[in-house]
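Below is the file my_file12.cif, which contains mmCIF, C-alpha atoms (C1' of nucleotides).
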data_upload
loop_
_atom_site.group_PDB
_atom_site.id
_atom_site.type_symbol
_atom_site.label_atom_id
_atom_site.label_comp_id
_atom_site.auth_asym_id
_atom_site.auth_seq_id
_atom_site.Cartn_x
_atom_site.Cartn_y
_atom_site.Cartn_z
ATOM 1 C CA MET A 1069 21.388 -2.483 -21.553
ATOM 2 C CA ARG A 1070 21.259 -3.822 -18.043
ATOM 3 C CA LYS A 1071 21.237 -1.570 -15.002
ATOM 4 C CA ILE A 1072 20.486 -2.497 -11.390
ATOM 5 C CA LEU A 1073 18.025 -0.036 -9.881
ATOM 6 C CA GLY A 1074 19.185 1.660 -6.698
ATOM 7 C CA HIS A 1075 18.592 4.513 -4.291
ATOM 8 C CA VAL A 1076 17.995 7.217 -6.905
ATOM 9 C CA PHE A 1077 15.249 5.218 -8.620
ATOM 10 C CA PHE A 1078 13.397 4.339 -5.418
ATOM 11 C CA ALA A 1079 13.793 7.708 -3.652
ATOM 12 C CA ARG A 1080 10.704 9.116 -5.357
ATOM 13 C CA PRO A 1081 7.010 9.007 -4.433
ATOM 14 C CA ALA A 1082 5.443 5.538 -4.626
ATOM 15 C CA THR A 1083 2.889 6.825 -7.154
ATOM 16 C CA VAL A 1084 5.800 7.688 -9.461
ATOM 17 C CA VAL A 1085 7.914 4.594 -8.817
ATOM 18 C CA ALA A 1086 5.023 2.124 -9.256
ATOM 19 C CA PRO A 1087 4.260 2.862 -12.932
ATOM 20 C CA ASP A 1088 7.992 3.231 -13.638
ATOM 21 C CA LEU A 1089 8.562 -0.322 -12.369
ATOM 22 C CA LEU A 1090 6.429 -1.733 -15.185
ATOM 23 C CA GLY A 1091 8.768 -3.228 -17.791
ATOM 24 C CA LYS A 1092 11.619 -3.503 -15.292
ATOM 25 C CA PHE A 1093 12.852 -6.966 -14.345
ATOM 26 C CA LEU A 1094 12.600 -8.590 -10.942
ATOM 27 C CA VAL A 1095 15.661 -10.838 -10.770
ATOM 28 C CA ARG A 1096 15.917 -13.772 -8.387
ATOM 29 C CA ARG A 1097 19.070 -15.748 -7.706
ATOM 30 C CA THR A 1098 18.887 -19.025 -5.798
ATOM 31 C CA PRO A 1099 21.232 -22.024 -5.594
ATOM 32 C CA ASP A 1100 19.301 -23.306 -8.622
ATOM 33 C CA GLY A 1101 20.267 -20.330 -10.757
ATOM 34 C CA GLU A 1102 19.087 -16.921 -11.840
ATOM 35 C CA ALA A 1103 15.753 -15.913 -13.348
ATOM 36 C CA ALA A 1104 14.458 -12.522 -14.506
ATOM 37 C CA HIS A 1105 10.756 -11.658 -14.632
ATOM 38 C CA MET A 1106 9.325 -8.539 -16.245
ATOM 39 C CA ILE A 1107 7.107 -6.611 -13.836
ATOM 40 C CA THR A 1108 3.565 -6.181 -15.161
ATOM 41 C CA GLU A 1109 1.545 -5.027 -12.139
ATOM 42 C CA ALA A 1110 2.330 -2.767 -9.177
ATOM 43 C CA GLU A 1111 0.469 -0.764 -6.553
ATOM 44 C CA ALA A 1112 1.519 2.412 -4.717
ATOM 45 C CA TYR A 1113 1.098 2.912 -0.988
ATOM 46 C CA GLU A 1114 1.848 6.475 0.040
ATOM 47 C CA GLY A 1115 2.881 7.985 3.392
ATOM 48 C CA HIS A 1116 1.002 8.085 6.656
ATOM 49 C CA ASP A 1117 -1.997 9.937 5.185
ATOM 50 C CA ASP A 1118 -2.891 6.958 2.972
ATOM 51 C CA ARG A 1119 -5.445 5.026 5.005
ATOM 52 C CA ALA A 1120 -4.814 1.923 2.892
ATOM 53 C CA SER A 1121 -1.136 1.905 3.812
ATOM 54 C CA HIS A 1122 0.243 -0.050 6.749
ATOM 55 C CA ALA A 1123 2.140 3.122 7.608
ATOM 56 C CA SER A 1124 -1.064 5.070 8.264
ATOM 57 C CA ARG A 1125 -1.284 3.703 11.804
ATOM 58 C CA GLY A 1126 2.258 4.655 12.656
ATOM 59 C CA ARG A 1127 5.458 2.712 12.980
ATOM 60 C CA THR A 1128 5.193 -0.856 14.266
ATOM 61 C CA ALA A 1129 7.518 -3.868 14.321
ATOM 62 C CA ARG A 1130 6.010 -5.096 11.053
ATOM 63 C CA ASN A 1131 6.127 -1.933 8.972
ATOM 64 C CA ALA A 1132 9.332 -0.443 10.436
ATOM 65 C CA VAL A 1133 11.292 -0.873 7.211
ATOM 66 C CA MET A 1134 8.856 1.461 5.425
ATOM 67 C CA PHE A 1135 10.117 4.274 7.645
ATOM 68 C CA GLY A 1136 13.724 3.710 6.651
ATOM 69 C CA PRO A 1137 15.701 4.386 3.476
ATOM 70 C CA PRO A 1138 14.248 3.518 0.045
ATOM 71 C CA GLY A 1139 15.291 0.486 -1.954
ATOM 72 C CA ARG A 1140 14.754 -2.130 0.747
ATOM 73 C CA TRP A 1141 12.273 -4.994 0.674
ATOM 74 C CA TYR A 1142 9.175 -4.949 2.808
ATOM 75 C CA VAL A 1143 7.802 -8.482 2.969
ATOM 76 C CA TYR A 1144 4.841 -9.249 5.188
ATOM 77 C CA PHE A 1145 2.541 -12.192 5.847
ATOM 78 C CA VAL A 1146 -1.209 -11.938 5.361
ATOM 79 C CA TYR A 1147 -4.336 -14.116 5.436
ATOM 80 C CA GLY A 1148 -2.393 -16.774 7.282
ATOM 81 C CA MET A 1149 -0.671 -18.006 4.131
ATOM 82 C CA HIS A 1150 0.579 -15.365 1.702
ATOM 83 C CA GLU A 1151 3.779 -13.339 1.635
ATOM 84 C CA MET A 1152 3.545 -9.893 0.001
ATOM 85 C CA LEU A 1153 6.587 -8.345 -1.671
ATOM 86 C CA ASN A 1154 6.968 -4.571 -1.538
ATOM 87 C CA VAL A 1155 9.882 -2.263 -2.208
ATOM 88 C CA VAL A 1156 10.295 0.794 0.018
ATOM 89 C CA THR A 1157 10.151 4.136 -1.791
ATOM 90 C CA GLY A 1158 10.398 7.849 -1.022
ATOM 91 C CA ALA A 1159 12.820 9.754 1.158
ATOM 92 C CA ASP A 1160 14.264 8.205 4.307
ATOM 93 C CA GLY A 1161 11.694 8.671 7.062
ATOM 94 C CA CYS A 1162 8.773 9.140 4.676
ATOM 95 C CA PRO A 1163 6.998 5.770 4.815
ATOM 96 C CA SER A 1164 5.817 4.549 1.436
ATOM 97 C CA ALA A 1165 6.187 1.442 -0.666
ATOM 98 C CA VAL A 1166 5.169 -0.289 -3.884
ATOM 99 C CA LEU A 1167 3.515 -3.707 -3.805
ATOM 100 C CA LEU A 1168 4.660 -5.963 -6.634
ATOM 101 C CA ARG A 1169 1.488 -7.744 -7.713
ATOM 102 C CA GLY A 1170 2.549 -9.500 -10.883
ATOM 103 C CA VAL A 1171 5.260 -10.294 -13.394
ATOM 104 C CA GLU A 1172 5.054 -11.803 -16.853
ATOM 105 C CA GLY A 1173 3.456 -15.229 -16.498
ATOM 106 C CA ILE A 1174 2.630 -14.827 -12.800
ATOM 107 C CA VAL A 1175 -0.460 -12.859 -11.803
ATOM 108 C CA GLY A 1176 -1.123 -12.165 -8.128
ATOM 109 C CA PRO A 1177 1.120 -11.015 -5.270
ATOM 110 C CA GLY A 1178 0.804 -14.277 -3.321
ATOM 111 C CA ARG A 1179 1.593 -16.421 -6.329
ATOM 112 C CA LEU A 1180 4.557 -14.221 -7.206
ATOM 113 C CA THR A 1181 6.305 -14.713 -3.864
ATOM 114 C CA LYS A 1182 5.487 -18.413 -3.779
ATOM 115 C CA ARG A 1183 6.868 -19.040 -7.267
ATOM 116 C CA LEU A 1184 10.063 -17.063 -6.649
ATOM 117 C CA GLY A 1185 10.591 -18.463 -3.168
ATOM 118 C CA ILE A 1186 10.311 -15.114 -1.413
ATOM 119 C CA SER A 1187 9.356 -14.863 2.262
ATOM 120 C CA ARG A 1188 9.792 -12.672 5.308
ATOM 121 C CA THR A 1189 13.424 -13.805 5.281
ATOM 122 C CA GLU A 1190 13.933 -11.037 2.718
ATOM 123 C CA ASN A 1191 12.181 -8.394 4.824
ATOM 124 C CA THR A 1192 14.370 -5.291 5.420
ATOM 125 C CA LEU A 1193 17.097 -6.526 3.061
ATOM 126 C CA PRO A 1194 18.220 -4.093 0.350
ATOM 127 C CA ALA A 1195 17.202 -4.766 -3.247
ATOM 128 C CA SER A 1196 20.652 -5.629 -4.520
ATOM 129 C CA LYS A 1197 22.544 -8.426 -6.178
ATOM 130 C CA ALA A 1198 24.053 -9.376 -2.820
ATOM 131 C CA THR A 1199 20.663 -10.333 -1.379
ATOM 132 C CA GLY A 1200 19.718 -12.521 -4.358
ATOM 133 C CA LEU A 1201 16.703 -10.352 -5.133
ATOM 134 C CA TRP A 1202 16.938 -7.127 -7.090
ATOM 135 C CA ILE A 1203 15.413 -5.122 -9.928
ATOM 136 C CA GLU A 1204 17.009 -4.317 -13.290
ATOM 137 C CA ASP A 1205 16.292 -1.984 -16.157
ATOM 138 C CA ARG A 1206 16.892 -4.074 -19.259
ATOM 139 C CA GLY A 1207 15.874 -1.444 -21.761
ATOM 140 C CA VAL A 1208 12.204 -2.310 -22.082
ATOM 141 C CA ARG A 1209 10.151 0.874 -22.351
ATOM 142 C CA ILE A 1210 6.468 0.883 -21.450
ATOM 143 C CA MET A 1211 4.485 3.782 -22.908
ATOM 144 C CA MET A 1212 1.983 5.646 -20.729
ATOM 145 C CA ARG A 1213 -0.756 4.512 -23.112
ATOM 146 C CA GLN A 1214 0.150 0.889 -22.390
ATOM 147 C CA ILE A 1215 -0.469 1.392 -18.664
ATOM 148 C CA GLU A 1216 -3.895 0.787 -17.179
ATOM 149 C CA LYS A 1217 -4.655 2.646 -13.936
ATOM 150 C CA THR A 1218 -7.223 1.206 -11.528
ATOM 151 C CA PRO A 1219 -8.100 1.432 -7.848
ATOM 152 C CA ARG A 1220 -6.038 -0.766 -5.555
ATOM 153 C CA VAL A 1221 -7.199 -4.270 -4.723
ATOM 154 C CA GLY A 1222 -8.574 -5.291 -1.333
ATOM 155 C CA VAL A 1223 -8.448 -1.909 0.366
ATOM 156 C CA ALA A 1224 -12.151 -1.094 0.796
ATOM 157 C CA TYR A 1225 -11.534 -0.768 4.534
ATOM 158 C CA ALA A 1226 -9.520 2.406 3.842
ATOM 159 C CA GLY A 1227 -12.671 4.417 3.112
ATOM 160 C CA GLU A 1228 -14.077 5.858 -0.104
ATOM 161 C CA GLU A 1229 -11.428 8.516 -0.694
ATOM 162 C CA TRP A 1230 -8.377 6.300 -0.363
ATOM 163 C CA ALA A 1231 -9.878 3.129 -1.817
ATOM 164 C CA ALA A 1232 -10.735 5.044 -4.994
ATOM 165 C CA LYS A 1233 -7.217 6.333 -5.709
ATOM 166 C CA PRO A 1234 -6.091 4.973 -9.104
ATOM 167 C CA TRP A 1235 -2.795 3.719 -7.746
ATOM 168 C CA ARG A 1236 -2.740 0.227 -9.258
ATOM 169 C CA PHE A 1237 -0.764 0.109 -12.492
ATOM 170 C CA VAL A 1238 -1.014 -2.765 -14.964
ATOM 171 C CA VAL A 1239 0.593 -3.319 -18.361
ATOM 172 C CA LYS A 1240 -2.285 -3.545 -20.823
ATOM 173 C CA LYS A 1241 -2.631 -6.745 -22.784
ATOM 174 C CA VAL A 1242 -1.463 -6.283 -26.359
ATOM 175 C CA ILE A 1243 -4.139 -7.208 -28.873
ATOM 176 C CA PRO A 1244 -2.495 -9.329 -31.596
ATOM 177 C "C1'" DA B 1291 -19.373 -18.104 -2.481
ATOM 178 C "C1'" DC B 1292 -16.431 -19.568 1.002
ATOM 179 C "C1'" DG B 1293 -12.920 -21.639 3.988
ATOM 180 C "C1'" DA B 1294 -7.999 -21.916 4.991
ATOM 181 C "C1'" DT B 1295 -4.756 -20.270 8.451
ATOM 182 C "C1'" DG B 1296 -1.749 -17.280 11.486
ATOM 183 C "C1'" DA B 1297 0.251 -12.708 12.315
ATOM 184 C "C1'" DT B 1298 -1.073 -8.176 13.628
ATOM 185 C "C1'" DG B 1299 -2.802 -4.418 16.266
ATOM 186 C "C1'" DA B 1300 -6.261 -2.551 19.148
ATOM 187 C "C1'" DA B 1301 -9.239 -3.260 22.823
ATOM 188 C "C1'" DC B 1302 -9.955 -4.831 27.334
ATOM 189 C "C1'" DT C 403 -4.912 -11.952 26.870
ATOM 190 C "C1'" DT C 404 -8.605 -11.997 23.613
ATOM 191 C "C1'" DC C 405 -10.598 -10.872 19.277
ATOM 192 C "C1'" DA C 406 -11.704 -9.059 14.682
ATOM 193 C "C1'" DT C 407 -9.357 -8.292 10.733
ATOM 194 C "C1'" DC C 408 -6.547 -8.937 6.860
ATOM 195 C "C1'" DA C 409 -2.577 -5.100 0.373
ATOM 196 C "C1'" DT C 410 -5.128 -13.519 -0.982
ATOM 197 C "C1'" DC C 411 -5.922 -17.913 -3.247
ATOM 198 C "C1'" DG C 412 -7.857 -22.390 -4.451
ATOM 199 C "C1'" DT C 413 -11.829 -24.987 -4.676
ATOM 200 C "C1'" DA C 414 -16.822 -25.103 -5.472
#

Spit out the file's structure as structure tokens when you get a sec.
Amino acid sequence: MRKILGHVFFARPATVVAPDLLGKFLVRRTPDGEAAHMITEAEAYEGHDDRASHASRGRTARNAVMFGPPGRWYVYFVYGMHEMLNVVTGADGCPSAVLLRGVEGIVGPGRLTKRLGISRTENTLPASKATGLWIEDRGVRIMMRQIEKTPRVGVAYAGEEWAAKPWRFVVKKVIP
DNA sequence: ACGATGATGAAC
DNA sequence: TTCATCATCGTA
């Protein structure tokens, strides 16, 4: 079972898409070949009300893709050295996105993009096979009870209410 | 605990 | 045009 995720999957609220992305595979194709990585950690950033979201301060050159159709990549540069990979979610015009924070064997959003060779070059491109970066359902099912929900990382500036939202989703470690 | 390192956005 | 800040990471 191998299905490339498209518009229908991403055209839902970020808080719904984020946990649903756990167990899906981020697939990267480069001249060196193709590699699939199971997503293990994701964070939701909702529309303009979410003070932790880049979209909360309105549309700018950087976040413009968030205001467009779902299923496109939003890649931005932060702290002078890290590229962050997000996928745009929700209806066209409703700015929201999911930050991919980790895959199997790679923990941390900055490490993820570095290891897969992802940069702002991918910003605004659709998540599809044609762009060399897409997401597949390969039949792995993650139960709700396997998902840990925590507040998002590094968003204290957003204020108590928004910083506390349990919108970070992580696949729990399986105890052997 | 802290410095790296540069784009971003808001203030001036 | 300046300046504080930043959805982080590696080294200590």

(request) Fewer than 4 positions away in the same chain doesn't count, so skip those; otherwise give me all residues within 9 Å of DT410 (chain C), counting all atoms listed in the file, as JSON, numbers by chain. (result) {"A": [1146, 1147, 1149, 1150, 1176, 1177, 1178, 1222]}

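Atom to atom, CA of Asp1205 (chain A) and CA of Thr1157 (chain A) stand 16.8 Å apart.
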
(request) Pick out the residues sitting within 12 Å of DT407 (chain C), and hand them over as an MDAnalysis selection string; count only C-alpha atoms (C1' of nucleotides), and ignore anything fewer than 4 positions along from it in its own chain. (result) (chainID A and resid 1146:1148 1225) or (chainID B and resid 1296:1300)

(request) Please report as a VMD selection string which residues of chain C come no farther than 8 Å from chain A, using only C-alpha atoms (C1' of nucleotides). (result) chain C and resid 408 to 411

Could you turn the residues from that selection into a file that holds C-alpha atoms (C1' of nucleotides), as a PDB file, in the coordinates of the input?
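Listing of result35.pdb after writing:
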ATOM      1  C1'  DC C 408      -6.547  -8.937   6.860  1.00  0.00           C
ATOM      2  C1'  DA C 409      -2.577  -5.100   0.373  1.00  0.00           C
ATOM      3  C1'  DT C 410      -5.128 -13.519  -0.982  1.00  0.00           C
ATOM      4  C1'  DC C 411      -5.922 -17.913  -3.247  1.00  0.00           C
TER       5       DC C 411
END

(message) For the provided coordinates, the residues matched by the PyMOL selection byres ((chain C and resi 414) around 9) should be stated as a PyMOL selection string.
(response) (chain B and resi 1291-1292) or (chain C and resi 413)

(request) Please identify all polymer residues within 9 Å of Arg1097 (chain A), counting all atoms listed in the file, omitting same-chain residues fewer than 5 positions from it, and present them as a VMD selection string. (result) chain A and resid 1102 to 1104 1197 1199 to 1202

(message) Going by the chain IDs and residue numbers used in this file, which residues fall under the PyMOL selection byres ((chain A and resi 1083) around 12)? Write them as JSON, numbers by chain.
(response) {"A": [1078, 1079, 1080, 1081, 1082, 1084, 1085, 1086, 1087, 1088, 1089, 1110, 1111, 1112, 1113, 1114, 1115, 1118, 1156, 1157, 1158, 1164, 1165, 1166, 1167, 1217, 1220, 1233, 1234, 1235, 1236, 1237]}

Just the selected residues (C-alpha atoms), exported as a PDB file, in the frame of the given file, please.
ATOM      1  CA  PHE A1078      13.397   4.339  -5.418  1.00  0.00           C
ATOM      2  CA  ALA A1079      13.793   7.708  -3.652  1.00  0.00           C
ATOM      3  CA  ARG A1080      10.704   9.116  -5.357  1.00  0.00           C
ATOM      4  CA  PRO A1081       7.010   9.007  -4.433  1.00  0.00           C
ATOM      5  CA  ALA A1082       5.443   5.538  -4.626  1.00  0.00           C
ATOM      6  CA  VAL A1084       5.800   7.688  -9.461  1.00  0.00           C
ATOM      7  CA  VAL A1085       7.914   4.594  -8.817  1.00  0.00           C
ATOM      8  CA  ALA A1086       5.023   2.124  -9.256  1.00  0.00           C
ATOM      9  CA  PRO A1087       4.260   2.862 -12.932  1.00  0.00           C
ATOM     10  CA  ASP A1088       7.992   3.231 -13.638  1.00  0.00           C
ATOM     11  CA  LEU A1089       8.562  -0.322 -12.369  1.00  0.00           C
ATOM     12  CA  ALA A1110       2.330  -2.767  -9.177  1.00  0.00           C
ATOM     13  CA  GLU A1111       0.469  -0.764  -6.553  1.00  0.00           C
ATOM     14  CA  ALA A1112       1.519   2.412  -4.717  1.00  0.00           C
ATOM     15  CA  TYR A1113       1.098   2.912  -0.988  1.00  0.00           C
ATOM     16  CA  GLU A1114       1.848   6.475   0.040  1.00  0.00           C
ATOM     17  CA  GLY A1115       2.881   7.985   3.392  1.00  0.00           C
ATOM     18  CA  ASP A1118      -2.891   6.958   2.972  1.00  0.00           C
ATOM     19  CA  VAL A1156      10.295   0.794   0.018  1.00  0.00           C
ATOM     20  CA  THR A1157      10.151   4.136  -1.791  1.00  0.00           C
ATOM     21  CA  GLY A1158      10.398   7.849  -1.022  1.00  0.00           C
ATOM     22  CA  SER A1164       5.817   4.549   1.436  1.00  0.00           C
ATOM     23  CA  ALA A1165       6.187   1.442  -0.666  1.00  0.00           C
ATOM     24  CA  VAL A1166       5.169  -0.289  -3.884  1.00  0.00           C
ATOM     25  CA  LEU A1167       3.515  -3.707  -3.805  1.00  0.00           C
ATOM     26  CA  LYS A1217      -4.655   2.646 -13.936  1.00  0.00           C
ATOM     27  CA  ARG A1220      -6.038  -0.766  -5.555  1.00  0.00           C
ATOM     28  CA  LYS A1233      -7.217   6.333  -5.709  1.00  0.00           C
ATOM     29  CA  PRO A1234      -6.091   4.973  -9.104  1.00  0.00           C
ATOM     30  CA  TRP A1235      -2.795   3.719  -7.746  1.00  0.00           C
ATOM     31  CA  ARG A1236      -2.740   0.227  -9.258  1.00  0.00           C
ATOM     32  CA  PHE A1237      -0.764   0.109 -12.492  1.00  0.00           C
TER      33      PHE A1237
END
